[in-house]
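J.: First, the structure itself, so that you have it in front of you.
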Amino acid sequence: MGGNAGKNFPLERFRGHGSGSSLKFLLPLRMIRGQEGVKRFLEKPTNSPRVACGEPFMSVGIQDCCHVSFQDSRAGRLSFCTKVCYGLGGVPNQVASSAISFYLQLFLLDVAQIPAAQASLVLFGGKVSGAVADPVAGFFINRSRRTRSGRLMPWVLGCVPFLSLAYFFLWFLPPFTSLRGLWYTTFYCLFQALATFFQVPYTALTMLITPSPQERDSATAYRMTMEMAGTLMGATIHGLVVSSAHRSNHCELPGPVAVSPDATRLYSFAAAAVAVTYPVCITLLCLGVKEQPDPVGPASGQGLGFWAGLGLTTRYPPYVKLVVSFLFISAAVQVEQSYLVLFCTHAAQLQDHVQSLVLTILVSAVLSTPLWEWVLQRFGKKTSALGICVMVPFAILLAALPTVPVAYVVAFVSGVSIAVSLLLPWSMLPDVVEEFQLQHQHGPGLETIFYSSYVFFTKLSSACTLGISTLSLEFAGYKVGACKQAAKVVVVLKVLIGAVPTFLILAGLCILMVSRAPQVPGQASSQQHSLQRKSSLSLASNSRGLL
């Protein structure tokens, strides 16, 4: 064996011998020592009979027997620069969505000054557009052909210029007033649909940047970190720019308009600052990340069609109960976020603290996420779900006693509760999907239907909740541009910030607690399904943001 005698030769460093992709050859166990010895052995033809794995002689197949893979240990490894560039691709959507989540409603009512009924239609139409775009995007992207730049990257690149324009015009004040409702409905629907067509291929790109599961997990961690930073950046940039448009002394200005005279310019400048993140970040994504060809492997069975699979998933009781419970909980989070700024401006006289309160919620949610991940593993998922209801008494306290100290305490506690409410479904869904896969052997693809249908129903629930709640302001007599709202409007805002989230959270938790916990399979089964779970989580994690 020469100088290498006695040293174990790492099989994974050998790329294969011969041209056949499923080449098999005999390796006596006593000869798997020394690199030179293995090379000399492989060069000699052998006619020895093949025997089963685990015998004194091993019959090794590159793709099947014993799963021995002769690949370079460095193959598929991503550099730090590649992971950072990939993570930057998720920043623009989170920046834009964070600004929209907290400030769009205030802009529509107090700056654009469209009626509350039309604002309700804008929010409802946009959310429905995003929900419908999810399955449509998956349908077209899965059937697209590979180009020189890849199969997914052209979709990401093609959406960028239209996304930037749609976002900018969403915050632009047109010179006409009679059709402003239609203007904002059109651009919000367009933005939500384009954001979906951008996010779906971008998250799916995780599977095509490296064949290594460990490197995919690492890239996903970089992306989630960057997206959290984007969420904070979006609320910070937008809030700092437009904060002077909603100062406490705005009613001292002449006229009935409840914003500063340069509010239009400030909102347009904030929109431009956010819109420019799309071309900048996606340029870095394209320069630092190369999409690999789709992996070709042995057929694993014929999966069901979409509609047949959707019928199976929606009739599976554990999944239905889980989805219904988190529809209530996610709706509560949406209401709490969307009406916080309006409540502070018109019902609590805390408009000078809006920016700080928003940042408190976001920072609290980001910092408490690792803690909740530890709690999930240490105490279980149903026990961790009780952390969501911590927000309930504090939300009621804020509605009853809207003072500055109470507001900051409520903001901090709300961020902690929001973190677990966003983390928990993505922790419980894999268990439900895995249990279903073990009980129903229908081939691959159903796990994607589980996740995509959950995202669809969540967005649809958000659309209905925001649409109906905003319409209630119209019935209460909300006057756009008014310095002081009627007493009925103040009462409605207090109900929306306190009673509505309380009811939705308690209803969702009751359904979740009475549901049977899915039986987590053993370690062997978990290993078989781990790659599917990681892939599905990567495709669906775009909904994990604070939106």
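Chains: A, B, ... in order of the structure tokens. Residues: from 1 per chain. Ligands: from 1, in order shown.
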Can you list, as JSON, numbers by chain, all residues belonging to segment 272-418 of chain A that DSSP tags as helix (DSSP H, G or I)?

T.: {"A": [272, 273, 274, 275, 277, 278, 279, 280, 281, 282, 283, 284, 285, 286, 287, 288, 306, 307, 308, 309, 310, 311, 312, 313, 314, 317, 318, 319, 320, 321, 322, 323, 324, 325, 326, 327, 328, 329, 330, 331, 332, 333, 334, 335, 336, 337, 338, 339, 340, 341, 342, 343, 344, 345, 346, 351, 352, 353, 354, 355, 356, 357, 358, 359, 360, 361, 362, 363, 364, 365, 366, 367, 368, 369, 370, 371, 372, 373, 374, 375, 376, 377, 378, 379, 381, 382, 383, 384, 385, 386, 387, 388, 389, 390, 391, 392, 393, 394, 395, 396, 397, 398, 399, 400, 404, 405, 406, 407, 408, 409, 410, 411, 412, 413, 414, 415, 416, 417, 418]}

J.: Can you pull out every residue within 12 Å of Glu215 of chain A, counting only C-alpha atoms, but drop anything in the same chain fewer than 2 positions away, and send it as a VMD selection string?

T.: chain A and resid 73 to 80 82 to 83 206 to 213 217 to 222 534

J.: Quick one: residues within 12 Å of Ala400 of chain A, only C-alpha atoms counted, chain neighbours fewer than 2 positions away excluded, as number ranges by chain?

T.: A: 347-348, 393-398, 402-403, 406-407, 490-491, 493-495, 497-499

J.: For segment 468-481 of chain A, find every residue with an atom within 7 Å (counting only C-alpha atoms), except residues of its own chain fewer than 4 positions away, and show them as a PDB file with N, CA and C atoms, in the first residue's frame.

T.:
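Generated output (out06.pdb):
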```pdb
ATOM      1  N   LEU A 109     -56.045  56.245   4.939  1.00  0.00           N
ATOM      2  CA  LEU A 109     -57.125  56.988   5.589  1.00  0.00           C
ATOM      3  C   LEU A 109     -56.777  58.449   5.836  1.00  0.00           C
ATOM      4  N   ASP A 110     -55.526  58.738   6.232  1.00  0.00           N
ATOM      5  CA  ASP A 110     -55.198  60.094   6.664  1.00  0.00           C
ATOM      6  C   ASP A 110     -54.372  60.889   5.665  1.00  0.00           C
ATOM      7  N   GLN A 113     -56.631  59.888   2.051  1.00  0.00           N
ATOM      8  CA  GLN A 113     -57.970  60.330   2.450  1.00  0.00           C
ATOM      9  C   GLN A 113     -59.060  59.694   1.586  1.00  0.00           C
ATOM     10  N   ILE A 114     -58.951  58.377   1.407  1.00  0.00           N
ATOM     11  CA  ILE A 114     -60.041  57.653   0.757  1.00  0.00           C
ATOM     12  C   ILE A 114     -60.980  57.154   1.846  1.00  0.00           C
ATOM     13  N   PRO A 115     -62.252  56.970   1.560  1.00  0.00           N
ATOM     14  CA  PRO A 115     -63.202  56.506   2.579  1.00  0.00           C
ATOM     15  C   PRO A 115     -62.784  55.152   3.161  1.00  0.00           C
ATOM     16  N   ALA A 116     -63.196  54.914   4.395  1.00  0.00           N
ATOM     17  CA  ALA A 116     -62.831  53.666   5.062  1.00  0.00           C
ATOM     18  C   ALA A 116     -63.349  52.443   4.313  1.00  0.00           C
ATOM     19  N   ALA A 117     -64.510  52.576   3.665  1.00  0.00           N
ATOM     20  CA  ALA A 117     -65.039  51.451   2.887  1.00  0.00           C
ATOM     21  C   ALA A 117     -64.117  51.108   1.728  1.00  0.00           C
ATOM     22  N   SER A 120     -61.027  49.457   3.031  1.00  0.00           N
ATOM     23  CA  SER A 120     -61.326  48.050   3.301  1.00  0.00           C
ATOM     24  C   SER A 120     -61.213  47.214   2.036  1.00  0.00           C
ATOM     25  N   PRO A 256     -58.283  71.387   7.658  1.00  0.00           N
ATOM     26  CA  PRO A 256     -58.732  70.171   8.315  1.00  0.00           C
ATOM     27  C   PRO A 256     -57.805  68.993   8.126  1.00  0.00           C
ATOM     28  N   VAL A 257     -56.765  69.103   7.330  1.00  0.00           N
ATOM     29  CA  VAL A 257     -55.911  67.967   7.042  1.00  0.00           C
ATOM     30  C   VAL A 257     -55.076  67.633   8.269  1.00  0.00           C
ATOM     31  N   ALA A 258     -55.080  66.350   8.687  1.00  0.00           N
ATOM     32  CA  ALA A 258     -54.415  65.929   9.910  1.00  0.00           C
ATOM     33  C   ALA A 258     -52.994  65.459   9.670  1.00  0.00           C
ATOM     34  N   CYS A 464     -60.064  38.641   4.913  1.00  0.00           N
ATOM     35  CA  CYS A 464     -61.423  38.821   5.445  1.00  0.00           C
ATOM     36  C   CYS A 464     -61.406  39.617   6.748  1.00  0.00           C
ATOM     37  N   GLN A 485     -61.334  62.232  15.971  1.00  0.00           N
ATOM     38  CA  GLN A 485     -62.400  61.358  15.523  1.00  0.00           C
ATOM     39  C   GLN A 485     -63.536  61.327  16.539  1.00  0.00           C
ATOM     40  N   LYS A 488     -67.500  57.247  18.793  1.00  0.00           N
ATOM     41  CA  LYS A 488     -67.760  55.886  18.304  1.00  0.00           C
ATOM     42  C   LYS A 488     -66.526  55.282  17.636  1.00  0.00           C
ATOM     43  N   VAL A 489     -65.792  56.110  16.902  1.00  0.00           N
ATOM     44  CA  VAL A 489     -64.580  55.620  16.242  1.00  0.00           C
ATOM     45  C   VAL A 489     -63.537  55.212  17.277  1.00  0.00           C
ATOM     46  N   VAL A 492     -64.526  51.879  18.646  1.00  0.00           N
ATOM     47  CA  VAL A 492     -64.247  50.803  17.687  1.00  0.00           C
ATOM     48  C   VAL A 492     -62.760  50.469  17.664  1.00  0.00           C
TER      49      VAL A 492
END
```

J.: Have a look at atom CA of Thr369 of chain A and atom CA of Val333 of chain A and let me know their distance in Å, one decimal.

T.: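 Distance between the two atoms: 15.8 Å.
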
J.: Neighbours of Val432 of chain A within 7 Å (only C-alpha atoms; same-chain residues fewer than 4 positions away dropped), as a PyMOL selection string?

T.: chain A and resi 318-319+428+436+518

J.: May I ask which of the residues A:Ser338, A:Gln214, A:Ser164, A:Ser144 is the closest one to Leu104 of chain A, counting only C-alpha atoms?

T.: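 The closest residue to Leu104 of chain A is A:Ser338.
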
J.: So, with only C-alpha atoms as the atoms that count, which of A:Gly230, A:Gly138, A:Gly380, A:Gly87 lies closest to Leu284 of chain A?

T.: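 Going through A:Gly230, A:Gly138, A:Gly380, A:Gly87 one by one, the smallest distance to Leu284 of chain A is for A:Gly87.
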
J.: For Val274 of chain A, please output as a VMD selection string all residues within 12 Å (counting only C-alpha atoms; exclusion window: fewer than 3 positions along the same chain).

T.: chain A and resid 91 to 100 163 to 171 230 to 231 233 to 239 241 267 to 271 277 to 281

J.: Write a file of the selected residues as a compact mmCIF listing (two decimals), in the first residue's frame, keeping C-alpha atoms.

T.:
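File again.txt, as written:
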```txt
# COMPACT_ATOMS: atom_id res chain seq x y z
CA VAL A 91 -34.57 41.37 2.28
CA PRO A 92 -36.64 43.53 -0.15
CA ASN A 93 -39.94 41.68 0.31
CA GLN A 94 -39.58 41.81 4.09
CA VAL A 95 -38.69 45.51 4.06
CA ALA A 96 -41.73 46.33 1.92
CA SER A 97 -44.11 44.04 3.78
CA SER A 98 -43.08 45.41 7.17
CA ALA A 99 -43.77 49.00 6.08
CA ILE A 100 -47.11 48.00 4.56
CA LEU A 163 -42.31 45.11 -8.01
CA SER A 164 -40.35 48.31 -7.49
CA LEU A 165 -42.79 50.33 -9.57
CA ALA A 166 -45.87 48.78 -7.98
CA TYR A 167 -44.55 49.50 -4.49
CA PHE A 168 -43.67 53.10 -5.30
CA PHE A 169 -47.05 53.88 -6.85
CA LEU A 170 -48.80 52.23 -3.90
CA TRP A 171 -47.58 55.18 -1.78
CA GLY A 230 -35.22 43.37 6.62
CA THR A 231 -38.35 43.40 8.76
CA MET A 233 -35.19 47.85 8.50
CA GLY A 234 -38.52 48.30 6.72
CA ALA A 235 -40.36 49.60 9.77
CA THR A 236 -37.38 51.75 10.77
CA ILE A 237 -36.76 53.40 7.38
CA HIS A 238 -40.40 54.05 6.61
CA GLY A 239 -41.25 55.15 10.12
CA VAL A 241 -39.07 59.21 7.12
CA TYR A 267 -44.30 59.12 1.84
CA SER A 268 -43.01 59.18 -1.74
CA PHE A 269 -39.44 59.47 -0.51
CA ALA A 270 -39.93 56.55 1.90
CA ALA A 271 -41.46 54.48 -0.91
CA THR A 277 -33.76 47.74 -2.27
CA TYR A 278 -35.22 45.38 -4.90
CA PRO A 279 -32.72 46.03 -7.73
CA VAL A 280 -29.79 46.44 -5.32
CA CYS A 281 -30.35 43.20 -3.39
```

J.: Please compute the atom CA of Phe379 of chain A-atom CA of Ser427 of chain A distance, one decimal, in Å.

T.: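 Going from atom CA of Phe379 of chain A over to atom CA of Ser427 of chain A, I get 13.4 Å.
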
J.: Nearest to Tyr339 of chain A: which of A:Val122, A:Leu466, A:Leu182, A:Ala131 is it, counting only C-alpha atoms?

T.: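 Looking at the shortest contact to Tyr339 of chain A, the residue is A:Leu466.
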
J.: Name the closest residue to Trp374 of chain A among the candidates A:Leu423, A:Ile361, A:Leu194, A:Met153; distances are taken between atoms, counting only C-alpha atoms.

T.: A:Leu423

J.: Which value, in Å to one decimal, gives the distance between atom CA of Glu435 of chain A and atom CA of Gly309 of chain A?

T.: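 Going from atom CA of Glu435 of chain A over to atom CA of Gly309 of chain A, I get 15.4 Å.
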
J.: List the neighbours of segment 312-314 of chain A out to 9 Å using only C-alpha atoms; skip same-chain residues closer than 6 positions along the sequence, and give me the result as a list in words.

T.: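 Close residues of segment 312-314 of chain A: Val320, Phe436, Leu446, Ile449, Phe450 and Ser453 of chain A.
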
J.: Okay, now the selection with N, CA and C atoms, as a CSV table (one decimal), in the first residue's frame?

T.:
```csv
chain,number,residue,atom,x,y,z
A,320,VAL,N,-56.8,19.8,9.5
A,320,VAL,CA,-57.9,20.8,9.5
A,320,VAL,C,-58.0,21.6,10.8
A,436,PHE,N,-49.3,12.0,8.4
A,436,PHE,CA,-50.1,11.8,7.2
A,436,PHE,C,-49.4,10.9,6.2
A,446,LEU,N,-47.2,15.7,-1.7
A,446,LEU,CA,-48.3,16.1,-0.9
A,446,LEU,C,-47.9,17.0,0.2
A,449,ILE,N,-48.4,20.5,-0.9
A,449,ILE,CA,-49.8,20.9,-0.9
A,449,ILE,C,-50.2,21.3,0.5
A,450,PHE,N,-49.7,20.6,1.5
A,450,PHE,CA,-50.0,20.9,2.9
A,450,PHE,C,-49.6,22.3,3.2
A,453,SER,N,-51.4,25.1,0.9
A,453,SER,CA,-52.8,25.4,1.3
A,453,SER,C,-52.9,26.1,2.6
```

J.: Of the residues A:Thr383, A:Val404, A:Phe326, A:Ser421, which is the one nearest to Ile511 of chain A, using only C-alpha atoms?

T.: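 The closest residue to Ile511 of chain A is A:Phe326.
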